[in-house]
Amino acid sequence: MSELMFPQDFLIGAATSSYQIEGEIYNTDWYIWEKLGHIVTGEPCGKACNSWELYEKDVQLVEEFGLNAYRMSIEWARVFPEENVIDFDALAHYKEYLATFKDKGIKTFVTLHHFTTPIWMYQKGSWENKEVIKEFLKYAYVVGRELGDNVDAWMTINEPGVVSVLGYFTGIFPPGKNSVLSTIRVTTNQLIAHAETYKLLKKLTPNVPVGIVKNITWFYSLNLFPLDKYLAWFINKLFNDNYLRGIRTGKLPFSQKRYPGLKGSIDFWGLNYYTHVWISQKLPNMAINHLPNAEKVTQTGWEWDSEGLLRAIQLLWDTLQRPIYITENGIATLKDEERVEYIKEHLAQVLEALKLGIPVKGYFYWSLIDNFEWLEGYIPKFGLAGFDHKTFERQPRKSGYFLGEILKTKKLF
Ligand code: BGC
């Protein structure tokens, strides 16, 4: 294993998102999606980990593992349950939640949009309607003003490419469309909303860095057929390149037009990295996650390839030289020893990146706790902890303590 060490100020934490852990958020597009029967088990999100009530237990977990950072998200539909209606009790709850971390010296990384959109915005066309920009800014303003004092870093949108491509191109996420034009419209609105939110938050909370969370998935053509090669290129364009190019050049997708303030509109990159995907127009949903002979395959069928993480770090750094935080990286597995291996392998790649002089500033494991894994419901176990689905008692795993040990010693062992 590498002799290299993590810098003294390196952050090691765990990540979650509001919808996946809080429970009982019934006014979002995802709730509608669940009711339409899109979750493999047919089981809805329901109470999730009941973290809305039991958030202190999650804070305790982070503390017990010895981590120094936590990534979470705010639920837009809780803050604005209806158009132009603010729920100040929900804001007070988040304030308390964030303050609990602050009191313990744990840094908080807060995402404004993690996949879910309030029903009232969904009914108006969600991310496809350009009104979303104005509405998102209202939300960002209220959250920035009310919660900013307790936040260490903002992230505007989590994995915008998943929202646009899975929601509007392959149609497996809400609203279930299959339209290239819609996908481009969504990307355009996301990029504008991001740029405007960046500007707004820099004014409201000048000392808090603002980033975006881009997940890099590598897309490979399953074979040498020109059509499949083109499809892989095109999906990469929709999923990755439109966003990277947008932030690098300030230009909106498939256009030479610059949007003012978009170019360079991040203080840091949030990088989510899991896997690669094989593309062919002959496959259902055009993609598979692993080849039949793949060796390291997770519970979700994703092939795990830690070297892809280093390449993803390099891609973001080459796109725009800004500090990088790994905002998600994790494995769904029933074997916790495998999780430990996974973490070790991926952190070794982070050390490689540091050796190359790329400023990777932190690593957040996905996830602190098993949670509602979107289409796959509660089957995949990503957590550093499990939980009892009846009592909601947290069940810490060794991998959580292992991560804390790395932070303490600053090295891999
Ligand atoms: C998402 C998480 C999700 C994780 C594992 C990421 O794409 O940001 O919400 O749970 O992958 O599936």
# chains A, B, ... in the order shown; residues from 1 in each chain; ligands from 1
call {"tool": "residues_near_ligand", "arguments": {"ligand": "ligand 1", "cutoff": "9 Å", "atoms": "only C-alpha atoms and all ligand atoms", "output": "VMD selection string"}}
result
chain A and resid 15 to 17 19 to 20 114 to 115 158 to 159 162 213 215 272 to 274 300 327 to 332 366 to 367 371 to 374 376 380 382
call {"tool": "residues_around", "arguments": {"residues": "Trp76 of chain A", "least_positions_apart": "3", "cutoff": "7 Å", "atoms": "only C-alpha atoms", "output": "PDB file with C-alpha atoms, in the first residue's frame"}}
result
ATOM      1  CA  VAL A  79     -38.915  24.501   2.448  1.00  0.00           C
ATOM      2  CA  PHE A  80     -41.485  25.408  -0.243  1.00  0.00           C
ATOM      3  CA  THR A 117     -38.492  18.357  -7.107  1.00  0.00           C
ATOM      4  CA  PRO A 118     -41.647  19.616  -5.365  1.00  0.00           C
ATOM      5  CA  TYR A 139     -35.506  28.579  -2.687  1.00  0.00           C
TER       6      TYR A 139
END
call {"tool": "residues_around", "arguments": {"residues": "Trp127 of chain A", "least_positions_apart": "3", "cutoff": "10 Å", "atoms": "only C-alpha atoms", "output": "PyMOL selection string"}}
result
chain A and resi 117+121-122+124+130-133+136+163-164+167-168+175+182-183+185-190+193
call {"tool": "residues_around", "arguments": {"residues": "segment 83-100 of chain A", "least_positions_apart": "4", "cutoff": "7 Å", "atoms": "only C-alpha atoms", "output": "list in words"}}
result
Tyr55, Arg78, Val79, Lys104, Trp120, Leu147 and Asn150 of chain A
call {"tool": "write_last_selection", "arguments": {"atoms": "N, CA, C and O atoms", "output": "compact mmCIF listing (two decimals), in the first residue's frame"}}
result
# COMPACT_ATOMS: atom_id res chain seq x y z
N TYR A 55 -32.51 12.63 13.54
CA TYR A 55 -31.26 13.12 12.96
C TYR A 55 -30.10 13.09 13.95
O TYR A 55 -28.95 12.88 13.59
N ARG A 78 -39.81 20.59 1.25
CA ARG A 78 -40.11 20.89 2.66
C ARG A 78 -40.06 22.40 2.88
O ARG A 78 -40.87 22.95 3.62
N VAL A 79 -39.08 23.06 2.25
CA VAL A 79 -38.91 24.50 2.45
C VAL A 79 -40.03 25.26 1.73
O VAL A 79 -40.59 26.22 2.27
N LYS A 104 -20.14 20.13 17.18
CA LYS A 104 -19.19 19.02 17.35
C LYS A 104 -17.96 19.20 16.46
O LYS A 104 -17.14 18.29 16.33
N TRP A 120 -45.54 20.81 -6.95
CA TRP A 120 -46.09 21.99 -7.67
C TRP A 120 -45.19 22.41 -8.83
O TRP A 120 -45.67 22.87 -9.86
N LEU A 147 -29.90 29.49 6.61
CA LEU A 147 -29.02 28.41 7.09
C LEU A 147 -27.53 28.69 6.89
O LEU A 147 -26.69 27.97 7.42
N ASN A 150 -24.44 28.20 9.29
CA ASN A 150 -24.00 26.88 9.77
C ASN A 150 -23.53 25.95 8.66
O ASN A 150 -23.45 24.74 8.85
call {"tool": "atom_distance", "arguments": {"atom1": "atom CA of Gln321 of chain A", "atom2": "atom CA of Gly270 of chain A"}}
result
12.6 Å
call {"tool": "closest_residue", "arguments": {"among": "A:Thr391, A:Ser51, A:Ser73, A:Ser265", "to": "Val143 of chain A", "atoms": "only C-alpha atoms"}}
result
A:Ser73
call {"tool": "residues_around", "arguments": {"residues": "Phe413 of chain A", "least_positions_apart": "4", "cutoff": "12 Å", "atoms": "only C-alpha atoms", "output": "JSON, numbers by chain"}}
result
{"A": [1, 2, 3, 4, 5, 340, 341, 343, 344, 345, 347, 348, 402, 403, 405, 406, 407, 408, 409]}
call {"tool": "select_by_dssp", "arguments": {"residues": "segment 47-272 of chain A", "states": "alpha helix (DSSP H)", "output": "VMD selection string"}}
result
chain A and resid 51 to 65 76 to 79 88 to 103 119 to 123 131 to 147 160 to 161 167 to 168 180 to 204 226 to 236 242 to 249
call {"tool": "residues_around", "arguments": {"residues": "Glu64 of chain A", "least_positions_apart": "5", "cutoff": "10 Å", "atoms": "only C-alpha atoms", "output": "list in words"}}
result
Asp58, Val59, Pro396, Gly400, Tyr401 and Gly404 of chain A
call {"tool": "write_last_selection", "arguments": {"atoms": "N, CA, C and O atoms", "output": "JSON list (two decimals), in the first residue's frame"}}
result
[["chain", "number", "residue", "atom", "x", "y", "z"],
["A", 58, "ASP", "N", -27.99, 10.17, 13.61],
["A", 58, "ASP", "CA", -27.06, 10.21, 12.48],
["A", 58, "ASP", "C", -25.82, 11.03, 12.84],
["A", 58, "ASP", "O", -24.70, 10.68, 12.51],
["A", 59, "VAL", "N", -26.07, 12.15, 13.54],
["A", 59, "VAL", "CA", -24.94, 12.98, 13.98],
["A", 59, "VAL", "C", -24.03, 12.13, 14.89],
["A", 59, "VAL", "O", -22.81, 12.14, 14.75],
["A", 396, "PRO", "N", -24.13, 0.37, 13.48],
["A", 396, "PRO", "CA", -22.84, 0.74, 12.89],
["A", 396, "PRO", "C", -22.06, -0.47, 12.40],
["A", 396, "PRO", "O", -22.15, -1.55, 12.99],
["A", 400, "GLY", "N", -17.23, 1.89, 8.97],
["A", 400, "GLY", "CA", -17.35, 3.27, 9.45],
["A", 400, "GLY", "C", -16.16, 3.63, 10.34],
["A", 400, "GLY", "O", -15.55, 4.70, 10.19],
["A", 401, "TYR", "N", -15.83, 2.72, 11.24],
["A", 401, "TYR", "CA", -14.69, 2.96, 12.14],
["A", 401, "TYR", "C", -13.38, 2.95, 11.36],
["A", 401, "TYR", "O", -12.45, 3.68, 11.66],
["A", 404, "GLY", "N", -12.83, 6.27, 9.90],
["A", 404, "GLY", "CA", -12.39, 7.19, 10.94],
["A", 404, "GLY", "C", -10.92, 7.00, 11.29],
["A", 404, "GLY", "O", -10.19, 7.96, 11.54]]
call {"tool": "select_by_dssp", "arguments": {"residues": "segment 225-283 of chain A", "states": "strand (DSSP E or B)", "output": "number ranges by chain"}}
result
A: 251, 258, 268-279
call {"tool": "decode", "arguments": {"residues": "segment 39-53 of chain A", "atoms": "all heavy atoms", "output": "mmCIF file, in the first residue's frame"}}
result
data_model
loop_
_atom_site.group_PDB
_atom_site.id
_atom_site.type_symbol
_atom_site.label_atom_id
_atom_site.label_comp_id
_atom_site.auth_asym_id
_atom_site.auth_seq_id
_atom_site.Cartn_x
_atom_site.Cartn_y
_atom_site.Cartn_z
ATOM 1 N N ILE A 39 -40.746 1.366 -8.499
ATOM 2 C CA ILE A 39 -39.696 0.847 -7.611
ATOM 3 C C ILE A 39 -39.710 -0.685 -7.719
ATOM 4 O O ILE A 39 -40.788 -1.299 -7.619
ATOM 5 C CB ILE A 39 -39.948 1.273 -6.139
ATOM 6 C CG1 ILE A 39 -40.254 2.782 -6.070
ATOM 7 C CG2 ILE A 39 -38.782 0.884 -5.221
ATOM 8 C CD1 ILE A 39 -39.231 3.696 -6.660
ATOM 9 N N VAL A 40 -38.518 -1.298 -7.915
ATOM 10 C CA VAL A 40 -38.485 -2.737 -8.202
ATOM 11 C C VAL A 40 -39.260 -3.584 -7.203
ATOM 12 O O VAL A 40 -39.924 -4.548 -7.584
ATOM 13 C CB VAL A 40 -37.045 -3.310 -8.334
ATOM 14 C CG1 VAL A 40 -36.432 -2.969 -9.648
ATOM 15 C CG2 VAL A 40 -36.173 -2.896 -7.184
ATOM 16 N N THR A 41 -39.187 -3.218 -5.935
ATOM 17 C CA THR A 41 -39.868 -4.032 -4.927
ATOM 18 C C THR A 41 -41.332 -3.609 -4.775
ATOM 19 O O THR A 41 -42.078 -4.234 -4.019
ATOM 20 C CB THR A 41 -39.222 -3.814 -3.542
ATOM 21 O OG1 THR A 41 -39.199 -2.405 -3.314
ATOM 22 C CG2 THR A 41 -37.832 -4.365 -3.480
ATOM 23 N N GLY A 42 -41.689 -2.529 -5.414
ATOM 24 C CA GLY A 42 -43.040 -1.998 -5.272
ATOM 25 C C GLY A 42 -43.192 -1.224 -3.974
ATOM 26 O O GLY A 42 -44.234 -0.624 -3.692
ATOM 27 N N GLU A 43 -42.123 -1.243 -3.167
ATOM 28 C CA GLU A 43 -42.186 -0.610 -1.855
ATOM 29 C C GLU A 43 -41.845 0.884 -1.978
ATOM 30 O O GLU A 43 -40.837 1.235 -2.571
ATOM 31 C CB GLU A 43 -41.124 -1.295 -0.981
ATOM 32 C CG GLU A 43 -41.228 -1.045 0.480
ATOM 33 C CD GLU A 43 -40.003 -1.636 1.212
ATOM 34 O OE1 GLU A 43 -39.125 -2.222 0.540
ATOM 35 O OE2 GLU A 43 -39.917 -1.492 2.407
ATOM 36 N N PRO A 44 -42.667 1.747 -1.399
ATOM 37 C CA PRO A 44 -42.337 3.176 -1.492
ATOM 38 C C PRO A 44 -41.274 3.587 -0.472
ATOM 39 O O PRO A 44 -40.892 2.783 0.380
ATOM 40 C CB PRO A 44 -43.670 3.841 -1.153
ATOM 41 C CG PRO A 44 -44.365 2.867 -0.265
ATOM 42 C CD PRO A 44 -43.899 1.493 -0.671
ATOM 43 N N CYS A 45 -40.839 4.830 -0.554
ATOM 44 C CA CYS A 45 -39.800 5.334 0.354
ATOM 45 C C CYS A 45 -40.285 5.342 1.810
ATOM 46 O O CYS A 45 -39.544 5.008 2.722
ATOM 47 C CB CYS A 45 -39.403 6.746 -0.089
ATOM 48 S SG CYS A 45 -38.172 7.506 0.947
ATOM 49 N N GLY A 46 -41.537 5.728 2.003
ATOM 50 C CA GLY A 46 -42.134 5.684 3.353
ATOM 51 C C GLY A 46 -41.343 6.457 4.386
ATOM 52 O O GLY A 46 -40.968 7.602 4.161
ATOM 53 N N LYS A 47 -41.045 5.812 5.498
ATOM 54 C CA LYS A 47 -40.353 6.509 6.598
ATOM 55 C C LYS A 47 -38.841 6.536 6.433
ATOM 56 O O LYS A 47 -38.127 7.104 7.258
ATOM 57 C CB LYS A 47 -40.700 5.847 7.934
ATOM 58 C CG LYS A 47 -41.972 6.393 8.575
ATOM 59 C CD LYS A 47 -42.236 5.768 9.920
ATOM 60 C CE LYS A 47 -41.975 6.699 11.102
ATOM 61 N NZ LYS A 47 -42.820 7.867 11.201
ATOM 62 N N ALA A 48 -38.344 5.862 5.388
ATOM 63 C CA ALA A 48 -36.893 5.782 5.138
ATOM 64 C C ALA A 48 -36.156 5.438 6.436
ATOM 65 O O ALA A 48 -36.542 4.485 7.117
ATOM 66 C CB ALA A 48 -36.380 7.065 4.504
ATOM 67 N N CYS A 49 -35.132 6.224 6.823
ATOM 68 C CA CYS A 49 -34.410 5.919 8.072
ATOM 69 C C CYS A 49 -35.007 6.726 9.229
ATOM 70 O O CYS A 49 -34.426 6.788 10.307
ATOM 71 C CB CYS A 49 -32.933 6.265 7.942
ATOM 72 S SG CYS A 49 -32.175 5.668 6.448
ATOM 73 N N ASN A 50 -36.107 7.392 8.943
ATOM 74 C CA ASN A 50 -36.758 8.250 9.938
ATOM 75 C C ASN A 50 -35.800 9.320 10.466
ATOM 76 O O ASN A 50 -35.854 9.712 11.629
ATOM 77 C CB ASN A 50 -37.301 7.401 11.098
ATOM 78 C CG ASN A 50 -38.348 8.152 11.907
ATOM 79 O OD1 ASN A 50 -38.840 9.188 11.474
ATOM 80 N ND2 ASN A 50 -38.667 7.648 13.081
ATOM 81 N N SER A 51 -34.956 9.804 9.594
ATOM 82 C CA SER A 51 -33.930 10.755 10.035
ATOM 83 C C SER A 51 -34.489 12.154 10.317
ATOM 84 O O SER A 51 -33.827 12.958 10.959
ATOM 85 C CB SER A 51 -32.810 10.851 8.996
ATOM 86 O OG SER A 51 -32.079 9.649 8.968
ATOM 87 N N TRP A 52 -35.677 12.433 9.816
ATOM 88 C CA TRP A 52 -36.276 13.741 10.141
ATOM 89 C C TRP A 52 -36.453 13.837 11.657
ATOM 90 O O TRP A 52 -36.150 14.845 12.269
ATOM 91 C CB TRP A 52 -37.607 13.906 9.414
ATOM 92 C CG TRP A 52 -38.227 15.259 9.578
ATOM 93 C CD1 TRP A 52 -39.359 15.565 10.274
ATOM 94 C CD2 TRP A 52 -37.759 16.501 9.027
ATOM 95 N NE1 TRP A 52 -39.629 16.917 10.188
ATOM 96 C CE2 TRP A 52 -38.660 17.515 9.430
ATOM 97 C CE3 TRP A 52 -36.652 16.859 8.237
ATOM 98 C CZ2 TRP A 52 -38.496 18.862 9.072
ATOM 99 C CZ3 TRP A 52 -36.497 18.195 7.874
ATOM 100 C CH2 TRP A 52 -37.411 19.173 8.291
ATOM 101 N N GLU A 53 -36.912 12.710 12.257
ATOM 102 C CA GLU A 53 -37.078 12.696 13.713
ATOM 103 C C GLU A 53 -35.779 12.348 14.426
ATOM 104 O O GLU A 53 -35.487 12.861 15.491
ATOM 105 C CB GLU A 53 -38.123 11.636 14.085
ATOM 106 C CG GLU A 53 -39.530 12.178 14.175
ATOM 107 C CD GLU A 53 -40.527 11.045 14.331
ATOM 108 O OE1 GLU A 53 -40.299 10.135 15.158
ATOM 109 O OE2 GLU A 53 -41.515 11.069 13.596
#
